[in-house]
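Visitor: I'd like to ask you about the structure that follows.
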Amino acid sequence: MRKLLSPRNIVIALAVLGVMLASAILVRIPLPVIVLPAEPVIYLGNIKLTNTFVATLIADLTVIVLAVLATRKMRDVPQGLQNLAEWFVEAFYNLSEDVAGKANVKKFFPIFMTILLFLLFCNWWGLIPGADSIGRLEPLEYAFQAAGVTTGYKKIEGPLGVALLSARAGSYTLSAEEQAKLKEEKAKKAEKAEAEHGAKKEDAHHESELGYYVIAPYLRPAATDLNLGLALALISVFWTQVVGVRALGGGYFRKFFLPSMTGMKLIDLIVGLLELVSEFAKIISFTFRLFGNIFAGMVLLFVMSFLIPFLVPLPFYMLELFVGFMQAFVFAILTLIFMTMATVSHEHGEEHH
Amino acid sequence: MVQFLAPALAIGLGALGPGIGIGLLVMGAMQAIGRNPEAAGEIRTNMILGIVFTEAIAIYALVVALLMIFVGAPGLS
């Protein structure tokens with residue numbers, strides 16, 4: 001204990017605490033814009049690419065490049081990246097063998113591991129500092145019309161000619177009248193675009209009339225877009241049906257219409273309906289579980305670094321690393337479990353239990 | 001400020017159930033680990049899986065609250 005409380009350590013602790021408090025008081029960080037829809041960042045003619053889509057592409061590339069690098073020079077005694085990849089894949093192979101059984105694991109493992117790795121990189125790339133805070137400056141008026149943002153910040157010149165947003169330089173919140181006016185403008189613009197029939201042209205939004213801006217980040221955690229979760233959920237549930245039909249043939253669909261476990265027609269009907277509804281409920285729960293967790297994590301990190309920018313957000317980054325892995329894992333393992341369940345014939349299942 | 005009452009209630013009430021659920025879950029897991037420390041690893045993995053599923057319900061409430069804040073009901077802004 002004496003060693004821990006040596007004068008040197010106390011000085012260091014006080015210095016850290018001082019910087020923490022000073023940063024909380026002096027450095028005022030603009031609250032990053034919390035927007036539900038993904039912001040378009042790349043314009044290719046009429047096609048708008050959103051920042052979550054760019055993040056998805058990066059995660060895709062990471063998985064592909066890592067797979068190629070790890071398998072380029074295969075050795076009997078694995079080294080380096082190949083070793084790491086083998087350890088990781090083997091650990092999950094054993095786990096999925098426990099869940100799916102020896103007969104099925106070879107068929108189900110590829111989709112399990114693909115979802116796991118893809119989501120893992122999606123979630124972890126979004127945690128790289130700068131992913132949510134480096135981006136294009138958008139005028140407050142435009143941000144309000146596009147996503148309902150009401151507070152903007154002043155732009156200042158940073159080092160190397162980089163434009164920064166500063167909360168110290170001043171922030172501005174749109175008043176109710178201005179909001180109403182902007183809404184009217186937006187409606188007018190939409191009418192005009194409709195009249196010109198598809199000749200939609202994105203105007204360059206570089207200067208703000210009010211002089212206040214928000215950031216549209218170039219990268220954003222991919223799963224904070226509802227579409228990613230929905231797409232993966234649809235793939236997962238659709239493939240579950242395919243797996244079921246492959247294993248049981250047309251008999252797979254019996255569980256939806258005539259389970260005939262009890263011999264009572266009414267109960268059979270209701271049980272079948274419940275099975276049918278549960279397939280769709282799977283899609284919704286997959287989607288919202290992923291989206292909700294990652295979006296909540298993003299907001300949590302925003303708010304923590306907004307309140308105290310130094311040291312305090314660190315444990316929350318650790319938490320988000322864990323959550324990012326856990327959500328990827330849960331998505332993958334649930335897919336695996338549902339597939340395994342789909343291959344089990346209903347009558348057989350009842351006999352065994 | 002009144003319009004924030006609805007999302008606050010949504011997440012507040014929605015977190016109640018999962019909170020109790022996670023408490024029960026961890027209680028069971030800890031008792032199991034106490035009785036059978038050799039199985040701690042497996043129990044912990046299953047506990048975390050269970051927590052994630054329970055937590056998902058709170059997350060649904062959170063999504064609803066966020067939707068209310070950021071998207072809002074049509075004609076109610």
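Ligands are numbered from 1 in the order shown, chains are lettered A, B, ... in the order of the structure tokens, and residues start at 1 in each chain.
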Skipping near chain neighbours, those fewer than 3 positions away, what residues fall within 10 Å of Leu49 of chain B using only C-alpha atoms, listed as a PyMOL selection string?
Guide: (chain A and resi 326-327+329-330+333) or (chain B and resi 43-46+52-55)
Visitor: Would you pick out the contacts of segment 108-117 of chain A at 8 Å or less, using only C-alpha atoms, so that residues sharing its chain but fewer than 4 positions from it are not included, and give the list as a list in words?
Guide: Val63, Val89, Phe92, Tyr93, Ser96, Ala100, Asn104, Phe121, Ala328, Phe329, Phe331, Ala332, Ile333, Thr335, Leu336 and Met339 of chain A
Visitor: Output as a list of chain:residue names the set of chain A residues within 10 Å of chain B, with distances taken over only C-alpha atoms.
Guide: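 So the residues of chain A near chain B are A:Ile34, A:Val35, A:Leu36, A:Pro37, A:Ala147, A:Gly148, A:Val149, A:Ser285, A:Phe286, A:Phe288, A:Arg289, A:Leu290, A:Phe291, A:Gly292, A:Asn293, A:Ile294, A:Phe295, A:Ala296, A:Val323, A:Met326, A:Gln327, A:Phe329, A:Val330, A:Ile333.
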Visitor: Which of segment 147-345 of chain A end up as helix (DSSP H, G or I) when DSSP is run on this backbone - answer as a ChimeraX atom specification?
Guide: /A:147,159-161,176-195,222-224,226-257,265-307,313-343
Visitor: Atom CA of Leu334 of chain A to atom CA of Phe280 of chain A: how many Å, to one decimal?
Guide: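 Distance reported for this atom pair: 14.5 Å.
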Visitor: Would you mind listing what lies within 12 Å of Leu228 of chain A as an MDAnalysis selection string, with only C-alpha atoms counted and same-chain residues fewer than 5 positions away left out?
Guide: chainID A and resid 38 50 52:57 115 118:119 122:123 221:223 233:235 286:291 294
Visitor: Quick one: residues within 8 Å of Asp132 of chain A, only C-alpha atoms counted, chain neighbours fewer than 4 positions away excluded, as number ranges by chain?
Guide: A: 32, 126, 217-221
Visitor: Mind pulling up the distance from atom CA of Ile64 of chain A to atom CA of Gln79 of chain A?
Guide: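 Distance reported for this atom pair: 19.2 Å.
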